[in-house]
Amino acid sequence: MACGWPGGAVQPESWAAITTADSAKAALTNRIRKECRAMRSPGEAKRAERSEPSRASKSTPEDGDARKSTLSPGTLVVVSTPIGNLDDFTGRAVDCLIDAAVVACEDTRVTAKLLSAYSIHTPMVAYHEHNAARVRPQLIERLKQGQIVALVSDAGTPLISDPGYKLVEAAIAENIPVTAAPGASALLTALVLSGLPSDKFLFAGFLPPKGPARRTEIRALSSVPATLIFYEAPQRITKVLADLLSVLGPRPAAVARELTKRFEEVRRGTLDILAAHYEAADQPKGEIVILVGPPGTGRDSGQMTDRDIDSALEKALATNSVREAASIVAAETGLPRRTVYARALKLRGNPDEV
Ligand code: SAM
């Protein structure tokens with residue numbers, strides 16, 4: 001028996017037989033996986049169908065199986081999950097979870113829903129801040145035995161304000177292969193929608209919940225020449241915006257809420273306008289990201305007169321030391337801190353300390 005080969009070449013019988021057997025196996029595997037996905041609701045079946053072409057395009061005559069695991073045995077794979085819209089789950093992420101021996105997840109109840117939506121039956125193990133020290137060595141042991149371990153968090157990309165950093169660190173220390181199935185993350189989604197400079201940005205995670213510690217941290221970030229990105233809880237938005245305004249001045253900013261979900265909203269404006277809006281409005285619902293433009297992008301930057309600078313300094317000096325006031329106004333205006341400090345000393349009546 002001979003079999004046609006792309007390009008018209010004819011293969012030796014034994015090779016052809018092997019190839020035929022391999023392709024049949026591959027086709028069967030593909031069909032089982034496809035059917036497994038199609039058993040879900042029509043929406044889910046559609047999702048499965050939609051993801052077929054990308055997998056098919058990975059197929060080569062050599063490997064035959066378009067969905068053969070691309071993960072080597074004993075790999076830790078960090079898998080991103082949607083931040084609100086289930087359709088943002090990638091085909092590769094689904095494959096990684098199917099191919100894994102175990103899925104390490106923050107909350108098994110949350111991940112169970114996702115796995116069930118995709119008919120993925122891989123066992124789960126809880127991995128969160130309260131049990132990480134005990135479970136991490138067990139996961140490392142599984143990896144050393146050649147099992148594929150997938151790491152997910154409740155939503156978005158693991159390690160980004162979520163557990164996982166120490167597991168990845170431990171795997172690297174043990175020379176265990178680590179890879180990622182990238183996908184959604186609220187910080188990048190918010191950044192690209194904010195209208196703020198995206199060439200340089202600093203993700204600062206969650207700010208401290210208490211005012212004084214929060215303001216200290218904002219002050220430490222005030223001269224960073226990049227867009228600042230913060231995760232925040234909706235019940236703190238008014239206080240956080242007020243603190244950002246008091247330390248950074250009226251820089252351009254954005255509040256991104258419920259990204260990728262039905263009530264997605266991005267509110268843009270300077271910090272004073274946003275702070276006033278949320279002060280007057282009801283507490284926003286859902287999840288939020290706050291973004292603030294770099295120093296020197298404030299409303300009046302570049303056009304500030306000496307009088308404007310002095311008036312900003314007077315305001316800052318009312319509640320801050322000379323040093324702090326200078327940092328605040330320098331951050332707000334983008335002017336060199338040294339120049340502002342000199343003006344602040346002058347205002348305080350001791351210009352010789354410069
Ligand atoms: N690992 C996640 C990621 O990659 O974005 C973040 C997890 S962190 C525990 C949760 C925070 O992310 C929320 O408090 C919120 O600030 C932000 N967040 C997550 N999903 C969001 C969404 N759909 N819209 C806006 N912010 C979101």
# chains A, B, ... in the order shown; residues from 1 in each chain; ligands from 1
>>> closest_atom_pairs(of="chain A", to="ligand 1", cutoff="9 Å", atoms="only C-alpha atoms and all ligand atoms", output="tab-separated table")
residue	atom	partner	partner_atom_place_in_ligand_line	distance
A:Ser80	CA	ligand 1	4 (O)	7.5
A:Thr81	CA	ligand 1	4 (O)	8.4
A:Pro82	CA	ligand 1	23 (N)	8.4
A:Ile83	CA	ligand 1	23 (N)	4.7
A:Gly84	CA	ligand 1	23 (N)	5.1
A:Asn85	CA	ligand 1	23 (N)	8.2
A:Ser153	CA	ligand 1	1 (N)	6.6
A:Asp154	CA	ligand 1	7 (C)	7.4
A:Ala155	CA	ligand 1	2 (C)	5.5
A:Gly156	CA	ligand 1	4 (O)	3.7
A:Thr157	CA	ligand 1	4 (O)	3.7
A:Pro158	CA	ligand 1	1 (N)	5.1
A:Leu159	CA	ligand 1	1 (N)	6.4
A:Ile160	CA	ligand 1	1 (N)	4.4
A:Ser161	CA	ligand 1	8 (S)	4.9
A:Asp162	CA	ligand 1	1 (N)	5.2
A:Pro163	CA	ligand 1	1 (N)	8.5
A:Gly183	CA	ligand 1	4 (O)	8.6
A:Ala184	CA	ligand 1	4 (O)	6.4
A:Ser185	CA	ligand 1	4 (O)	3.5
A:Ala186	CA	ligand 1	5 (O)	3.7
A:Leu187	CA	ligand 1	5 (O)	5.6
A:Leu188	CA	ligand 1	5 (O)	8.0
A:Thr189	CA	ligand 1	24 (N)	8.3
A:Ala190	CA	ligand 1	25 (C)	7.2
A:Gly205	CA	ligand 1	8 (S)	8.1
A:Phe206	CA	ligand 1	16 (O)	7.6
A:Phe230	CA	ligand 1	16 (O)	7.1
A:Tyr231	CA	ligand 1	16 (O)	3.5
A:Glu232	CA	ligand 1	16 (O)	4.5
A:Ala233	CA	ligand 1	14 (O)	5.3
A:Pro234	CA	ligand 1	14 (O)	8.0
A:Val255	CA	ligand 1	25 (C)	8.8
A:Ala256	CA	ligand 1	25 (C)	5.8
A:Arg257	CA	ligand 1	25 (C)	4.5
A:Glu258	CA	ligand 1	24 (N)	3.7
A:Leu259	CA	ligand 1	24 (N)	3.7
A:Thr260	CA	ligand 1	23 (N)	5.8
A:Lys261	CA	ligand 1	23 (N)	6.4
A:Glu264	CA	ligand 1	24 (N)	7.4
A:Glu265	CA	ligand 1	24 (N)	8.9
A:Gly286	CA	ligand 1	24 (N)	7.3
A:Glu287	CA	ligand 1	26 (N)	4.3
A:Ile288	CA	ligand 1	26 (N)	4.0
A:Val289	CA	ligand 1	16 (O)	4.7
A:Ile290	CA	ligand 1	16 (O)	7.9
>>> write_last_selection(atoms="C-alpha atoms", output="PDB file, in the first residue's frame")
ATOM      1  CA  SER A  80      -3.908  32.963  32.460  1.00  0.00           C
ATOM      2  CA  THR A  81      -7.693  32.821  32.754  1.00  0.00           C
ATOM      3  CA  PRO A  82     -10.353  35.422  31.781  1.00  0.00           C
ATOM      4  CA  ILE A  83     -10.907  38.545  33.919  1.00  0.00           C
ATOM      5  CA  GLY A  84     -14.630  38.583  33.216  1.00  0.00           C
ATOM      6  CA  ASN A  85     -15.415  37.407  29.712  1.00  0.00           C
ATOM      7  CA  SER A 153      -5.526  32.039  39.835  1.00  0.00           C
ATOM      8  CA  ASP A 154      -9.150  33.079  40.264  1.00  0.00           C
ATOM      9  CA  ALA A 155      -8.929  35.492  37.340  1.00  0.00           C
ATOM     10  CA  GLY A 156      -6.298  36.909  35.030  1.00  0.00           C
ATOM     11  CA  THR A 157      -2.629  36.123  35.174  1.00  0.00           C
ATOM     12  CA  PRO A 158      -1.265  34.227  38.181  1.00  0.00           C
ATOM     13  CA  LEU A 159       1.517  36.023  40.131  1.00  0.00           C
ATOM     14  CA  ILE A 160       0.042  39.448  39.225  1.00  0.00           C
ATOM     15  CA  SER A 161      -1.306  40.439  42.672  1.00  0.00           C
ATOM     16  CA  ASP A 162      -2.060  36.715  42.963  1.00  0.00           C
ATOM     17  CA  PRO A 163      -0.224  33.643  44.297  1.00  0.00           C
ATOM     18  CA  GLY A 183      -3.797  35.770  28.408  1.00  0.00           C
ATOM     19  CA  ALA A 184      -5.878  38.368  30.156  1.00  0.00           C
ATOM     20  CA  SER A 185      -4.614  40.674  32.876  1.00  0.00           C
ATOM     21  CA  ALA A 186      -6.512  43.672  34.200  1.00  0.00           C
ATOM     22  CA  LEU A 187      -3.457  45.920  34.290  1.00  0.00           C
ATOM     23  CA  LEU A 188      -2.659  45.710  30.568  1.00  0.00           C
ATOM     24  CA  THR A 189      -6.315  45.876  29.554  1.00  0.00           C
ATOM     25  CA  ALA A 190      -6.707  49.029  31.670  1.00  0.00           C
ATOM     26  CA  GLY A 205      -0.383  46.498  42.793  1.00  0.00           C
ATOM     27  CA  PHE A 206      -2.636  47.401  45.729  1.00  0.00           C
ATOM     28  CA  PHE A 230      -2.924  50.463  40.863  1.00  0.00           C
ATOM     29  CA  TYR A 231      -5.418  47.715  41.669  1.00  0.00           C
ATOM     30  CA  GLU A 232      -8.038  48.904  44.154  1.00  0.00           C
ATOM     31  CA  ALA A 233     -11.197  47.873  45.933  1.00  0.00           C
ATOM     32  CA  PRO A 234     -14.279  49.951  44.982  1.00  0.00           C
ATOM     33  CA  VAL A 255     -10.474  54.638  36.452  1.00  0.00           C
ATOM     34  CA  ALA A 256     -11.144  51.393  34.559  1.00  0.00           C
ATOM     35  CA  ARG A 257     -14.027  49.323  35.907  1.00  0.00           C
ATOM     36  CA  GLU A 258     -15.482  45.890  35.112  1.00  0.00           C
ATOM     37  CA  LEU A 259     -13.132  45.351  32.190  1.00  0.00           C
ATOM     38  CA  THR A 260     -14.272  42.864  29.531  1.00  0.00           C
ATOM     39  CA  LYS A 261     -17.634  42.572  31.325  1.00  0.00           C
ATOM     40  CA  GLU A 264     -17.197  47.902  31.340  1.00  0.00           C
ATOM     41  CA  GLU A 265     -16.444  51.589  31.905  1.00  0.00           C
ATOM     42  CA  GLY A 286     -17.292  45.775  40.567  1.00  0.00           C
ATOM     43  CA  GLU A 287     -13.557  45.637  40.093  1.00  0.00           C
ATOM     44  CA  ILE A 288     -11.408  48.667  39.359  1.00  0.00           C
ATOM     45  CA  VAL A 289      -7.977  49.714  38.189  1.00  0.00           C
ATOM     46  CA  ILE A 290      -6.677  53.263  38.769  1.00  0.00           C
TER      47      ILE A 290
END
>>> residues_around(residues="Thr238 in chain A", least_positions_apart="2", cutoff="6 Å", atoms="only C-alpha atoms", output="list in words")
Arg236, Val240, Leu241, Tyr278 and Glu279 of chain A
>>> atom_distance(atom1="CA of Ser246 in chain A", atom2="CA of Ser198 in chain A")
23.9 Å
>>> atom_distance(atom1="CA of Leu196 in chain A", atom2="CA of Val152 in chain A")
29.5 Å
>>> select_by_dssp(residues="range 253-338 of chain A", states="helix (DSSP H, G or I)", output="PyMOL selection string")
chain A and resi 271-280+306-317+322-333+337-338
>>> write_last_selection(atoms="C-alpha atoms", output="PDB file, in the first residue's frame")
ATOM      1  CA  LEU A 271      -7.218  63.481  39.362  1.00  0.00           C
ATOM      2  CA  ASP A 272      -9.130  66.471  40.761  1.00  0.00           C
ATOM      3  CA  ILE A 273     -12.029  65.852  38.369  1.00  0.00           C
ATOM      4  CA  LEU A 274     -12.091  62.101  39.031  1.00  0.00           C
ATOM      5  CA  ALA A 275     -11.811  62.623  42.806  1.00  0.00           C
ATOM      6  CA  ALA A 276     -14.748  65.077  42.704  1.00  0.00           C
ATOM      7  CA  HIS A 277     -16.788  62.676  40.559  1.00  0.00           C
ATOM      8  CA  TYR A 278     -16.408  59.676  42.870  1.00  0.00           C
ATOM      9  CA  GLU A 279     -16.865  61.863  45.977  1.00  0.00           C
ATOM     10  CA  ALA A 280     -20.288  62.868  44.656  1.00  0.00           C
ATOM     11  CA  ASP A 306       6.341  81.316  39.305  1.00  0.00           C
ATOM     12  CA  ARG A 307       3.202  82.465  41.043  1.00  0.00           C
ATOM     13  CA  ASP A 308       1.440  79.164  40.201  1.00  0.00           C
ATOM     14  CA  ILE A 309       4.392  77.223  41.582  1.00  0.00           C
ATOM     15  CA  ASP A 310       4.456  79.311  44.757  1.00  0.00           C
ATOM     16  CA  SER A 311       0.755  78.884  45.273  1.00  0.00           C
ATOM     17  CA  ALA A 312       1.069  75.085  44.832  1.00  0.00           C
ATOM     18  CA  LEU A 313       3.966  75.161  47.283  1.00  0.00           C
ATOM     19  CA  GLU A 314       2.044  77.238  49.842  1.00  0.00           C
ATOM     20  CA  LYS A 315      -0.719  74.643  49.713  1.00  0.00           C
ATOM     21  CA  ALA A 316       1.671  71.730  50.070  1.00  0.00           C
ATOM     22  CA  LEU A 317       3.661  73.456  52.838  1.00  0.00           C
ATOM     23  CA  VAL A 322       9.729  71.664  52.967  1.00  0.00           C
ATOM     24  CA  ARG A 323      11.275  68.502  51.564  1.00  0.00           C
ATOM     25  CA  GLU A 324       7.936  66.759  51.132  1.00  0.00           C
ATOM     26  CA  ALA A 325       6.232  69.840  49.700  1.00  0.00           C
ATOM     27  CA  ALA A 326       9.012  70.200  47.136  1.00  0.00           C
ATOM     28  CA  SER A 327       8.636  66.539  46.116  1.00  0.00           C
ATOM     29  CA  ILE A 328       4.875  66.899  45.789  1.00  0.00           C
ATOM     30  CA  VAL A 329       5.032  70.026  43.636  1.00  0.00           C
ATOM     31  CA  ALA A 330       7.917  68.664  41.565  1.00  0.00           C
ATOM     32  CA  ALA A 331       5.872  65.525  40.884  1.00  0.00           C
ATOM     33  CA  GLU A 332       2.814  67.595  40.084  1.00  0.00           C
ATOM     34  CA  THR A 333       4.551  69.987  37.709  1.00  0.00           C
ATOM     35  CA  ARG A 337      12.902  68.853  42.439  1.00  0.00           C
ATOM     36  CA  ARG A 338      15.974  70.952  43.220  1.00  0.00           C
TER      37      ARG A 338
END
>>> closest_residue(among="A:Pro182, A:Gly249, A:Gly195, A:Gly349", to="Arg92 in chain A", atoms="only C-alpha atoms")
A:Pro182
>>> select_by_dssp(residues="range 35-244 of chain A", states="strand (DSSP E)", output="count of residues only")
30
>>> closest_residue(among="A:Ser321, A:Thr227, A:Thr270, A:Thr339", to="Pro294 in chain A", atoms="only C-alpha atoms")
A:Thr227
>>> decode(residues="range 59-178 of chain A", atoms="C-alpha atoms", output="PDB file, in the first residue's frame")
ATOM      1  CA  SER A  59      -0.142  20.633  12.578  1.00  0.00           C
ATOM      2  CA  THR A  60       2.711  19.332  10.477  1.00  0.00           C
ATOM      3  CA  PRO A  61       3.006  16.046   8.588  1.00  0.00           C
ATOM      4  CA  GLU A  62       5.638  15.032  11.145  1.00  0.00           C
ATOM      5  CA  ASP A  63       3.639  15.497  14.314  1.00  0.00           C
ATOM      6  CA  GLY A  64       0.239  14.705  12.828  1.00  0.00           C
ATOM      7  CA  ASP A  65      -1.631  15.616  16.018  1.00  0.00           C
ATOM      8  CA  ALA A  66      -2.547  19.271  15.957  1.00  0.00           C
ATOM      9  CA  ARG A  67      -3.327  19.156  19.662  1.00  0.00           C
ATOM     10  CA  LYS A  68      -0.480  17.021  20.859  1.00  0.00           C
ATOM     11  CA  SER A  69       0.756  18.539  24.090  1.00  0.00           C
ATOM     12  CA  THR A  70       3.496  21.031  23.479  1.00  0.00           C
ATOM     13  CA  LEU A  71       4.507  20.698  27.122  1.00  0.00           C
ATOM     14  CA  SER A  72       7.384  18.432  28.102  1.00  0.00           C
ATOM     15  CA  PRO A  73       6.813  16.088  31.031  1.00  0.00           C
ATOM     16  CA  GLY A  74       7.571  17.772  34.338  1.00  0.00           C
ATOM     17  CA  THR A  75       6.744  21.318  33.166  1.00  0.00           C
ATOM     18  CA  LEU A  76       5.171  23.973  35.350  1.00  0.00           C
ATOM     19  CA  VAL A  77       2.811  26.003  33.153  1.00  0.00           C
ATOM     20  CA  VAL A  78       1.417  29.328  34.346  1.00  0.00           C
ATOM     21  CA  VAL A  79      -2.008  29.664  32.735  1.00  0.00           C
ATOM     22  CA  SER A  80      -3.908  32.963  32.460  1.00  0.00           C
ATOM     23  CA  THR A  81      -7.693  32.821  32.754  1.00  0.00           C
ATOM     24  CA  PRO A  82     -10.353  35.422  31.781  1.00  0.00           C
ATOM     25  CA  ILE A  83     -10.907  38.545  33.919  1.00  0.00           C
ATOM     26  CA  GLY A  84     -14.630  38.583  33.216  1.00  0.00           C
ATOM     27  CA  ASN A  85     -15.415  37.407  29.712  1.00  0.00           C
ATOM     28  CA  LEU A  86     -15.207  33.632  29.334  1.00  0.00           C
ATOM     29  CA  ASP A  87     -14.422  33.997  25.636  1.00  0.00           C
ATOM     30  CA  ASP A  88     -11.040  35.451  26.568  1.00  0.00           C
ATOM     31  CA  PHE A  89      -9.785  31.989  27.507  1.00  0.00           C
ATOM     32  CA  THR A  90      -7.236  30.934  24.892  1.00  0.00           C
ATOM     33  CA  GLY A  91      -7.172  27.617  23.045  1.00  0.00           C
ATOM     34  CA  ARG A  92      -3.674  26.992  24.324  1.00  0.00           C
ATOM     35  CA  ALA A  93      -4.740  27.638  27.910  1.00  0.00           C
ATOM     36  CA  VAL A  94      -7.480  25.012  27.506  1.00  0.00           C
ATOM     37  CA  ASP A  95      -4.983  22.517  26.081  1.00  0.00           C
ATOM     38  CA  CYS A  96      -2.518  23.141  28.911  1.00  0.00           C
ATOM     39  CA  LEU A  97      -5.212  22.491  31.514  1.00  0.00           C
ATOM     40  CA  ILE A  98      -6.289  19.304  29.697  1.00  0.00           C
ATOM     41  CA  ASP A  99      -2.704  18.100  29.457  1.00  0.00           C
ATOM     42  CA  ALA A 100      -1.813  18.849  33.072  1.00  0.00           C
ATOM     43  CA  ALA A 101      -1.854  16.119  35.721  1.00  0.00           C
ATOM     44  CA  VAL A 102      -3.088  18.652  38.236  1.00  0.00           C
ATOM     45  CA  VAL A 103      -4.294  22.268  38.274  1.00  0.00           C
ATOM     46  CA  ALA A 104      -3.024  24.280  41.226  1.00  0.00           C
ATOM     47  CA  CYS A 105      -5.582  27.015  41.883  1.00  0.00           C
ATOM     48  CA  GLU A 106      -6.334  29.737  44.404  1.00  0.00           C
ATOM     49  CA  ASP A 107      -9.923  28.708  45.021  1.00  0.00           C
ATOM     50  CA  THR A 108     -11.078  25.317  43.754  1.00  0.00           C
ATOM     51  CA  ARG A 109     -14.719  26.490  43.683  1.00  0.00           C
ATOM     52  CA  VAL A 110     -13.878  29.340  41.286  1.00  0.00           C
ATOM     53  CA  THR A 111     -11.654  27.222  39.033  1.00  0.00           C
ATOM     54  CA  ALA A 112     -14.136  24.327  39.069  1.00  0.00           C
ATOM     55  CA  LYS A 113     -16.634  26.577  37.256  1.00  0.00           C
ATOM     56  CA  LEU A 114     -14.109  27.422  34.559  1.00  0.00           C
ATOM     57  CA  LEU A 115     -13.025  23.794  34.115  1.00  0.00           C
ATOM     58  CA  SER A 116     -16.617  22.679  33.968  1.00  0.00           C
ATOM     59  CA  ALA A 117     -17.453  25.279  31.296  1.00  0.00           C
ATOM     60  CA  TYR A 118     -14.743  23.715  29.142  1.00  0.00           C
ATOM     61  CA  SER A 119     -15.372  20.088  30.147  1.00  0.00           C
ATOM     62  CA  ILE A 120     -11.893  19.821  31.589  1.00  0.00           C
ATOM     63  CA  HIS A 121     -11.657  17.023  34.128  1.00  0.00           C
ATOM     64  CA  THR A 122      -8.117  17.551  35.403  1.00  0.00           C
ATOM     65  CA  PRO A 123      -7.953  17.245  39.205  1.00  0.00           C
ATOM     66  CA  MET A 124      -7.418  20.448  41.166  1.00  0.00           C
ATOM     67  CA  VAL A 125      -5.354  21.216  44.220  1.00  0.00           C
ATOM     68  CA  ALA A 126      -5.788  24.387  46.264  1.00  0.00           C
ATOM     69  CA  TYR A 127      -2.698  26.605  46.311  1.00  0.00           C
ATOM     70  CA  HIS A 128      -3.141  29.894  48.162  1.00  0.00           C
ATOM     71  CA  GLU A 129      -1.351  32.079  50.676  1.00  0.00           C
ATOM     72  CA  HIS A 130      -2.562  30.046  53.669  1.00  0.00           C
ATOM     73  CA  ASN A 131      -1.365  26.616  52.486  1.00  0.00           C
ATOM     74  CA  ALA A 132       1.399  27.542  50.015  1.00  0.00           C
ATOM     75  CA  ALA A 133       4.285  26.599  52.321  1.00  0.00           C
ATOM     76  CA  ARG A 134       2.850  23.076  52.735  1.00  0.00           C
ATOM     77  CA  VAL A 135       1.574  22.507  49.182  1.00  0.00           C
ATOM     78  CA  ARG A 136       4.500  24.016  47.268  1.00  0.00           C
ATOM     79  CA  PRO A 137       6.941  21.139  48.040  1.00  0.00           C
ATOM     80  CA  GLN A 138       4.234  18.644  46.996  1.00  0.00           C
ATOM     81  CA  LEU A 139       3.818  20.394  43.649  1.00  0.00           C
ATOM     82  CA  ILE A 140       7.581  20.497  43.153  1.00  0.00           C
ATOM     83  CA  GLU A 141       7.727  16.752  43.906  1.00  0.00           C
ATOM     84  CA  ARG A 142       5.041  16.033  41.280  1.00  0.00           C
ATOM     85  CA  LEU A 143       7.004  18.092  38.742  1.00  0.00           C
ATOM     86  CA  LYS A 144      10.191  16.185  39.553  1.00  0.00           C
ATOM     87  CA  GLN A 145       8.290  12.952  38.926  1.00  0.00           C
ATOM     88  CA  GLY A 146       7.486  14.206  35.414  1.00  0.00           C
ATOM     89  CA  GLN A 147       3.929  15.429  35.936  1.00  0.00           C
ATOM     90  CA  ILE A 148       2.740  18.593  34.200  1.00  0.00           C
ATOM     91  CA  VAL A 149       1.441  21.077  36.768  1.00  0.00           C
ATOM     92  CA  ALA A 150      -0.738  23.996  35.640  1.00  0.00           C
ATOM     93  CA  LEU A 151      -1.005  27.059  37.873  1.00  0.00           C
ATOM     94  CA  VAL A 152      -4.061  29.324  37.634  1.00  0.00           C
ATOM     95  CA  SER A 153      -5.526  32.039  39.835  1.00  0.00           C
ATOM     96  CA  ASP A 154      -9.150  33.079  40.264  1.00  0.00           C
ATOM     97  CA  ALA A 155      -8.929  35.492  37.340  1.00  0.00           C
ATOM     98  CA  GLY A 156      -6.298  36.909  35.030  1.00  0.00           C
ATOM     99  CA  THR A 157      -2.629  36.123  35.174  1.00  0.00           C
ATOM    100  CA  PRO A 158      -1.265  34.227  38.181  1.00  0.00           C
ATOM    101  CA  LEU A 159       1.517  36.023  40.131  1.00  0.00           C
ATOM    102  CA  ILE A 160       0.042  39.448  39.225  1.00  0.00           C
ATOM    103  CA  SER A 161      -1.306  40.439  42.672  1.00  0.00           C
ATOM    104  CA  ASP A 162      -2.060  36.715  42.963  1.00  0.00           C
ATOM    105  CA  PRO A 163      -0.224  33.643  44.297  1.00  0.00           C
ATOM    106  CA  GLY A 164       2.472  31.868  42.305  1.00  0.00           C
ATOM    107  CA  TYR A 165       5.717  33.801  42.538  1.00  0.00           C
ATOM    108  CA  LYS A 166       7.288  31.471  45.103  1.00  0.00           C
ATOM    109  CA  LEU A 167       6.215  28.361  43.180  1.00  0.00           C
ATOM    110  CA  VAL A 168       7.847  29.665  40.000  1.00  0.00           C
ATOM    111  CA  GLU A 169      10.931  30.667  41.990  1.00  0.00           C
ATOM    112  CA  ALA A 170      11.144  27.204  43.585  1.00  0.00           C
ATOM    113  CA  ALA A 171      10.694  25.468  40.208  1.00  0.00           C
ATOM    114  CA  ILE A 172      13.464  27.557  38.642  1.00  0.00           C
ATOM    115  CA  ALA A 173      15.742  26.759  41.591  1.00  0.00           C
ATOM    116  CA  GLU A 174      15.154  23.027  40.909  1.00  0.00           C
ATOM    117  CA  ASN A 175      15.847  23.400  37.169  1.00  0.00           C
ATOM    118  CA  ILE A 176      12.247  22.483  36.428  1.00  0.00           C
ATOM    119  CA  PRO A 177      11.028  23.784  33.046  1.00  0.00           C
ATOM    120  CA  VAL A 178       8.584  26.682  33.454  1.00  0.00           C
TER     121      VAL A 178
END
